[in-house]
$ cat start_22.cif   # mmCIF, C-alpha atoms
data_upload
loop_
_atom_site.group_PDB
_atom_site.id
_atom_site.type_symbol
_atom_site.label_atom_id
_atom_site.label_comp_id
_atom_site.auth_asym_id
_atom_site.auth_seq_id
_atom_site.Cartn_x
_atom_site.Cartn_y
_atom_site.Cartn_z
ATOM 1 C CA MET A 1 160.187 131.454 127.250
ATOM 2 C CA PRO A 2 157.997 130.723 124.154
ATOM 3 C CA ALA A 3 154.547 132.333 123.956
ATOM 4 C CA LEU A 4 151.568 129.936 124.142
ATOM 5 C CA LEU A 5 148.855 130.116 121.494
ATOM 6 C CA PRO A 6 145.249 130.397 122.682
ATOM 7 C CA SER A 7 143.084 127.277 122.227
ATOM 8 C CA TRP A 8 140.838 128.974 119.629
ATOM 9 C CA ALA A 9 143.889 129.407 117.384
ATOM 10 C CA TRP A 10 144.693 125.671 117.617
ATOM 11 C CA VAL A 11 141.086 124.689 116.858
ATOM 12 C CA SER A 12 140.922 127.099 113.927
ATOM 13 C CA GLY A 13 144.198 125.804 112.518
ATOM 14 C CA LEU A 14 143.188 122.148 112.823
ATOM 15 C CA THR A 15 139.776 122.853 111.251
ATOM 16 C CA ALA A 16 141.395 124.643 108.299
ATOM 17 C CA ALA A 17 143.858 121.760 107.785
ATOM 18 C CA ALA A 18 141.091 119.138 107.940
ATOM 19 C CA THR A 19 138.950 121.097 105.445
ATOM 20 C CA ALA A 20 141.897 121.391 103.056
ATOM 21 C CA ALA A 21 142.558 117.631 103.307
ATOM 22 C CA VAL A 22 138.889 116.815 102.546
ATOM 23 C CA VAL A 23 138.917 119.145 99.509
ATOM 24 C CA VAL A 24 142.102 117.513 98.154
ATOM 25 C CA LEU A 25 140.635 114.005 98.606
ATOM 26 C CA ALA A 26 137.333 115.030 96.961
ATOM 27 C CA VAL A 27 139.151 116.437 93.907
ATOM 28 C CA GLN A 28 141.226 113.246 93.622
ATOM 29 C CA ALA A 29 138.131 111.045 93.908
ATOM 30 C CA ASP A 30 136.327 113.047 91.231
ATOM 31 C CA HIS A 31 139.118 112.286 88.754
ATOM 32 C CA GLY A 32 139.171 108.550 89.490
ATOM 33 C CA PRO A 33 137.026 105.763 87.986
ATOM 34 C CA HIS A 34 133.303 105.825 88.802
ATOM 35 C CA PRO A 35 131.395 102.547 89.368
ATOM 36 C CA LYS A 36 128.284 101.929 87.282
ATOM 37 C CA ALA A 37 125.168 100.320 88.746
ATOM 38 C CA ALA A 38 124.077 97.099 87.060
ATOM 39 C CA ALA A 39 120.367 96.523 86.464
ATOM 40 C CA ALA A 40 118.955 93.862 88.762
ATOM 41 C CA ARG A 41 117.648 90.700 87.118
ATOM 42 C CA PRO A 42 114.816 88.575 88.437
ATOM 43 C CA SER A 43 115.879 85.362 90.076
ATOM 44 C CA ALA A 44 114.440 82.559 92.096
ATOM 45 C CA SER A 45 116.112 84.075 95.148
ATOM 46 C CA ALA A 46 114.315 87.421 94.785
ATOM 47 C CA SER A 47 113.067 88.506 98.173
ATOM 48 C CA LYS A 48 109.434 89.103 98.954
ATOM 49 C CA GLY A 49 110.112 92.832 99.352
ATOM 50 C CA ALA A 50 111.953 93.165 96.033
ATOM 51 C CA HIS A 51 110.386 95.479 93.503
ATOM 52 C CA SER A 52 110.739 96.158 89.823
ATOM 53 C CA PRO A 53 114.055 95.007 88.403
ATOM 54 C CA SER A 54 114.514 98.309 86.614
ATOM 55 C CA ALA A 55 114.196 100.216 89.904
ATOM 56 C CA ALA A 56 117.898 99.575 90.614
ATOM 57 C CA SER A 57 118.990 101.496 87.535
ATOM 58 C CA ALA A 58 118.061 105.013 86.514
ATOM 59 C CA LYS A 59 118.289 104.146 82.801
ATOM 60 C CA PRO A 60 116.785 100.711 82.029
ATOM 61 C CA SER A 61 118.527 98.723 79.329
ATOM 62 C CA PRO A 62 116.658 98.158 76.079
ATOM 63 C CA ALA A 63 114.468 95.058 75.940
ATOM 64 C CA PRO A 64 115.774 92.039 74.051
ATOM 65 C CA ALA A 65 114.419 91.587 70.539
ATOM 66 C CA LEU A 66 111.116 89.800 70.086
ATOM 67 C CA PRO A 67 111.851 86.052 69.772
ATOM 68 C CA ALA A 68 111.799 84.558 66.279
ATOM 69 C CA ALA A 69 108.892 82.260 65.441
ATOM 70 C CA SER A 70 106.643 83.954 67.989
ATOM 71 C CA GLY A 71 103.705 84.335 65.623
ATOM 72 C CA THR A 72 102.205 87.364 63.931
ATOM 73 C CA GLY A 73 99.587 89.962 64.747
ATOM 74 C CA ARG A 74 98.411 91.281 68.093
ATOM 75 C CA ARG A 75 99.558 88.945 70.865
ATOM 76 C CA VAL A 76 101.367 88.406 74.154
ATOM 77 C CA VAL A 77 104.687 86.591 73.724
ATOM 78 C CA TYR A 78 106.120 84.706 76.697
ATOM 79 C CA ALA A 79 109.687 83.355 76.388
ATOM 80 C CA LEU A 80 110.271 80.605 78.931
ATOM 81 C CA GLY A 81 114.081 80.696 78.801
ATOM 82 C CA GLN A 82 114.333 84.480 79.000
ATOM 83 C CA LYS A 83 111.566 84.747 81.629
ATOM 84 C CA ARG A 84 110.240 87.729 79.678
ATOM 85 C CA VAL A 85 106.958 88.924 78.161
ATOM 86 C CA TRP A 86 106.375 91.176 75.139
ATOM 87 C CA LEU A 87 103.111 92.933 74.273
ATOM 88 C CA VAL A 88 102.909 92.997 70.469
ATOM 89 C CA ASP A 89 100.495 95.208 68.513
ATOM 90 C CA ALA A 90 98.683 94.320 65.260
ATOM 91 C CA SER A 91 101.613 95.629 63.182
ATOM 92 C CA ASP A 92 103.973 93.123 64.875
ATOM 93 C CA LYS A 93 105.717 95.844 66.898
ATOM 94 C CA ALA A 94 106.582 95.079 70.513
ATOM 95 C CA THR A 95 105.091 97.973 72.484
ATOM 96 C CA ARG A 96 106.282 96.803 75.912
ATOM 97 C CA SER A 97 108.545 94.112 77.317
ATOM 98 C CA PHE A 98 109.314 93.136 80.889
ATOM 99 C CA PRO A 99 110.796 90.339 83.002
ATOM 100 C CA VAL A 100 108.560 87.875 84.831
ATOM 101 C CA TRP A 101 108.943 85.432 87.714
ATOM 102 C CA PRO A 102 107.424 82.045 86.829
ATOM 103 C CA GLY A 103 106.202 79.467 89.304
ATOM 104 C CA THR A 104 107.373 75.866 89.387
ATOM 105 C CA VAL A 105 105.111 74.652 86.528
ATOM 106 C CA SER A 106 105.436 76.286 83.092
ATOM 107 C CA PRO A 107 103.105 76.032 80.104
ATOM 108 C CA ASP A 108 104.202 74.084 77.041
ATOM 109 C CA PRO A 109 105.325 76.121 74.023
ATOM 110 C CA GLY A 110 102.391 76.880 71.743
ATOM 111 C CA THR A 111 99.631 79.367 71.058
ATOM 112 C CA TYR A 112 96.821 79.949 73.545
ATOM 113 C CA THR A 113 93.946 82.379 74.018
ATOM 114 C CA ILE A 114 93.289 84.173 77.290
ATOM 115 C CA SER A 115 90.374 82.130 78.553
ATOM 116 C CA ARG A 116 89.444 83.848 81.792
ATOM 117 C CA THR A 117 90.209 87.023 83.709
ATOM 118 C CA LEU A 118 89.955 87.737 87.400
ATOM 119 C CA ALA A 119 90.518 91.170 88.942
ATOM 120 C CA SER A 120 91.962 89.862 92.234
ATOM 121 C CA THR A 121 92.288 86.832 94.484
ATOM 122 C CA THR A 122 94.875 85.132 96.699
ATOM 123 C CA GLY A 123 97.565 83.088 94.959
ATOM 124 C CA SER A 124 98.331 79.501 95.924
ATOM 125 C CA ASP A 125 101.398 80.896 97.718
ATOM 126 C CA GLY A 126 99.141 82.983 99.992
ATOM 127 C CA VAL A 127 100.037 86.318 98.359
ATOM 128 C CA PRO A 128 97.141 88.642 97.383
ATOM 129 C CA ILE A 129 97.329 89.041 93.592
ATOM 130 C CA GLU A 130 95.540 91.064 90.909
ATOM 131 C CA HIS A 131 95.253 91.371 87.119
ATOM 132 C CA ILE A 132 94.972 87.604 86.660
ATOM 133 C CA LEU A 133 94.871 86.407 83.035
ATOM 134 C CA TYR A 134 94.414 82.636 82.619
ATOM 135 C CA PHE A 135 95.590 81.118 79.356
ATOM 136 C CA ALA A 136 96.756 77.484 79.741
ATOM 137 C CA ASN A 137 96.537 74.317 81.830
ATOM 138 C CA LYS A 138 99.462 72.093 82.757
ATOM 139 C CA SER A 139 99.616 69.118 85.137
ATOM 140 C CA GLY A 140 96.151 69.931 86.515
ATOM 141 C CA LEU A 141 97.047 73.562 87.233
ATOM 142 C CA SER A 142 95.764 76.728 85.584
ATOM 143 C CA VAL A 143 98.553 78.889 84.199
ATOM 144 C CA ALA A 144 98.018 82.637 84.544
ATOM 145 C CA PHE A 145 99.821 85.976 84.531
ATOM 146 C CA SER A 146 99.400 88.164 87.635
ATOM 147 C CA ASN A 147 101.094 90.662 89.901
ATOM 148 C CA ALA A 148 101.183 90.920 93.673
ATOM 149 C CA VAL A 149 98.826 93.578 95.041
ATOM 150 C CA ASP A 150 101.592 94.978 97.282
ATOM 151 C CA GLY A 151 103.979 95.260 94.328
ATOM 152 C CA SER A 152 106.415 92.593 95.532
ATOM 153 C CA SER A 153 107.929 90.517 92.763
ATOM 154 C CA PRO A 154 109.066 87.168 94.057
ATOM 155 C CA PRO A 155 108.359 84.023 92.084
ATOM 156 C CA PRO A 156 105.106 82.399 93.257
ATOM 157 C CA VAL A 157 106.427 79.618 95.475
ATOM 158 C CA ALA A 158 104.537 77.924 98.268
ATOM 159 C CA ALA A 159 106.347 75.442 100.496
ATOM 160 C CA GLY A 160 105.809 71.953 99.099
ATOM 161 C CA LYS A 161 103.312 73.130 96.443
ATOM 162 C CA ARG A 162 103.557 73.339 92.685
ATOM 163 C CA THR A 163 102.620 76.784 91.417
ATOM 164 C CA SER A 164 101.762 77.893 87.888
ATOM 165 C CA GLY A 165 101.436 81.642 88.332
ATOM 166 C CA ILE A 166 103.673 83.951 86.321
ATOM 167 C CA ARG A 167 104.318 87.109 88.368
ATOM 168 C CA MET A 168 105.484 90.466 87.143
ATOM 169 C CA PRO A 169 106.061 93.973 88.503
ATOM 170 C CA LYS A 170 102.853 95.828 89.371
ATOM 171 C CA ALA A 171 102.998 98.430 86.566
ATOM 172 C CA ASP A 172 103.630 95.684 84.009
ATOM 173 C CA GLY A 173 100.731 93.664 85.435
ATOM 174 C CA ALA A 174 98.411 96.636 84.921
ATOM 175 C CA ALA A 175 99.668 97.097 81.334
ATOM 176 C CA LEU A 176 99.220 93.397 80.560
ATOM 177 C CA TRP A 177 95.720 93.497 82.075
ATOM 178 C CA THR A 178 94.736 96.397 79.800
ATOM 179 C CA PHE A 179 96.234 94.630 76.772
ATOM 180 C CA GLY A 180 95.033 91.113 77.619
ATOM 181 C CA THR A 181 91.420 91.777 78.542
ATOM 182 C CA GLU A 182 90.558 92.630 74.925
ATOM 183 C CA PRO A 183 88.548 89.737 73.445
ATOM 184 C CA ASN A 184 90.472 86.874 71.808
ATOM 185 C CA THR A 185 93.911 88.004 72.980
ATOM 186 C CA ARG A 186 96.451 85.332 72.039
ATOM 187 C CA VAL A 187 99.439 84.235 74.093
ATOM 188 C CA THR A 188 102.371 82.653 72.261
ATOM 189 C CA VAL A 189 104.725 80.676 74.479
ATOM 190 C CA VAL A 190 108.212 80.034 73.090
ATOM 191 C CA ARG A 191 111.237 78.314 74.550
#

$ encode --input "start_22.cif" --output "structure tokens"
Amino acid sequence: MPALLPSWAWVSGLTAAATAAVVVLAVQADHGPHPKAAAARPSASASKGAHSPSAASAKPSPAPALPAASGTGRRVVYALGQKRVWLVDASDKATRSFPVWPGTVSPDPGTYTISRTLASTTGSDGVPIEHILYFANKSGLSVAFSNAVDGSSPPPVAAGKRTSGIRMPKADGAALWTFGTEPNTRVTVVR
């Protein structure tokens, strides 16, 4: 008659076999291909709770080059097609660039001066906003840069309303505010 093994021996044996299998699978996985995270891009479908596009990637990609024919000297450059802003110093060097989320009405290409600043208010979409820098008018609406107070980054859209706000991530809004509140700051809008 065969001798029976105690239950602790079976449990120990199964545990050792399972551990060995996990180690083998981990070593195999380590030698396989590793997926790379893609940086999120702003879009019209960005959710209200979405935050900075660079938050999805540990190493943000370099900003696109400053658009040609965007003027000279200290200025804010806003590229409509790229949905991006550059802060440019007096030596024509872009010191910061970031994506933005425009509303439904965009300013015409041209050169403007920041005409009014407002620390905070509520946007036409009902979202509390801050760091508001007005620089143009289009179709009876004032066009301005701003960021949501809560840091959300959706485009400023209100059901059935035309909106002219240009939203950005909170840290970029603070940087633009510091840059743009200097007297006679120009904004160059390019296609």

$ resolve_selection --input "start_22.cif" --expression "the PyMOL selection byres ((chain A and resi 117-128) around 12)" --output "JSON, numbers by chain"
{"A": [48, 103, 104, 113, 114, 115, 116, 129, 130, 131, 132, 133, 134, 135, 141, 142, 143, 144, 145, 146, 147, 148, 149, 150, 151, 152, 153, 154, 155, 156, 157, 158, 159, 160, 161, 162, 163, 164, 165, 166, 167, 173, 174, 176, 177, 178, 179, 180, 181, 182, 183, 184, 185]}

$ write_last_selection --input "start_22.cif" --atoms "C-alpha atoms" --output "tab-separated table (two decimals), in the frame of the given file"
chain	number	residue	atom	x	y	z
A	48	LYS	CA	109.43	89.10	98.95
A	103	GLY	CA	106.20	79.47	89.30
A	104	THR	CA	107.37	75.87	89.39
A	113	THR	CA	93.95	82.38	74.02
A	114	ILE	CA	93.29	84.17	77.29
A	115	SER	CA	90.37	82.13	78.55
A	116	ARG	CA	89.44	83.85	81.79
A	129	ILE	CA	97.33	89.04	93.59
A	130	GLU	CA	95.54	91.06	90.91
A	131	HIS	CA	95.25	91.37	87.12
A	132	ILE	CA	94.97	87.60	86.66
A	133	LEU	CA	94.87	86.41	83.04
A	134	TYR	CA	94.41	82.64	82.62
A	135	PHE	CA	95.59	81.12	79.36
A	141	LEU	CA	97.05	73.56	87.23
A	142	SER	CA	95.76	76.73	85.58
A	143	VAL	CA	98.55	78.89	84.20
A	144	ALA	CA	98.02	82.64	84.54
A	145	PHE	CA	99.82	85.98	84.53
A	146	SER	CA	99.40	88.16	87.64
A	147	ASN	CA	101.09	90.66	89.90
A	148	ALA	CA	101.18	90.92	93.67
A	149	VAL	CA	98.83	93.58	95.04
A	150	ASP	CA	101.59	94.98	97.28
A	151	GLY	CA	103.98	95.26	94.33
A	152	SER	CA	106.42	92.59	95.53
A	153	SER	CA	107.93	90.52	92.76
A	154	PRO	CA	109.07	87.17	94.06
A	155	PRO	CA	108.36	84.02	92.08
A	156	PRO	CA	105.11	82.40	93.26
A	157	VAL	CA	106.43	79.62	95.48
A	158	ALA	CA	104.54	77.92	98.27
A	159	ALA	CA	106.35	75.44	100.50
A	160	GLY	CA	105.81	71.95	99.10
A	161	LYS	CA	103.31	73.13	96.44
A	162	ARG	CA	103.56	73.34	92.68
A	163	THR	CA	102.62	76.78	91.42
A	164	SER	CA	101.76	77.89	87.89
A	165	GLY	CA	101.44	81.64	88.33
A	166	ILE	CA	103.67	83.95	86.32
A	167	ARG	CA	104.32	87.11	88.37
A	173	GLY	CA	100.73	93.66	85.44
A	174	ALA	CA	98.41	96.64	84.92
A	176	LEU	CA	99.22	93.40	80.56
A	177	TRP	CA	95.72	93.50	82.08
A	178	THR	CA	94.74	96.40	79.80
A	179	PHE	CA	96.23	94.63	76.77
A	180	GLY	CA	95.03	91.11	77.62
A	181	THR	CA	91.42	91.78	78.54
A	182	GLU	CA	90.56	92.63	74.92
A	183	PRO	CA	88.55	89.74	73.44
A	184	ASN	CA	90.47	86.87	71.81
A	185	THR	CA	93.91	88.00	72.98

$ atom_distance --input "start_22.cif" --atom1 "CA of Ser70 (chain A)" --atom2 "CA of Val100 (chain A)"
17.4 Å

$ closest_residue --input "start_22.cif" --among "A:Pro107, A:Gly140, A:Gly71, A:Pro102" --to "Arg84 (chain A)" --atoms "only C-alpha atoms"
A:Pro102

$ closest_residue --input "start_22.cif" --among "A:Thr95, A:Gly110, A:Val190, A:Pro64" --to "Gly81 (chain A)" --atoms "only C-alpha atoms"
A:Val190

$ closest_residue --input "start_22.cif" --among "A:Lys93, A:Arg75, A:Lys83, A:Lys138" --to "Val187 (chain A)" --atoms "only C-alpha atoms"
A:Arg75

$ atom_distance --input "start_22.cif" --atom1 "CA of Asp172 (chain A)" --atom2 "CA of Arg96 (chain A)"
8.6 Å

$ atom_distance --input "start_22.cif" --atom1 "CA of Ala79 (chain A)" --atom2 "CA of Pro67 (chain A)"
7.5 Å

$ closest_residue --input "start_22.cif" --among "A:Asp108, A:Ser97, A:Asp92, A:Ala136" --to "Leu80 (chain A)" --atoms "all atoms listed in the file"
A:Asp108

$ closest_residue --input "start_22.cif" --among "A:Val105, A:Met168, A:Val76, A:Val85" --to "Ala63 (chain A)" --atoms "only C-alpha atoms"
A:Val85
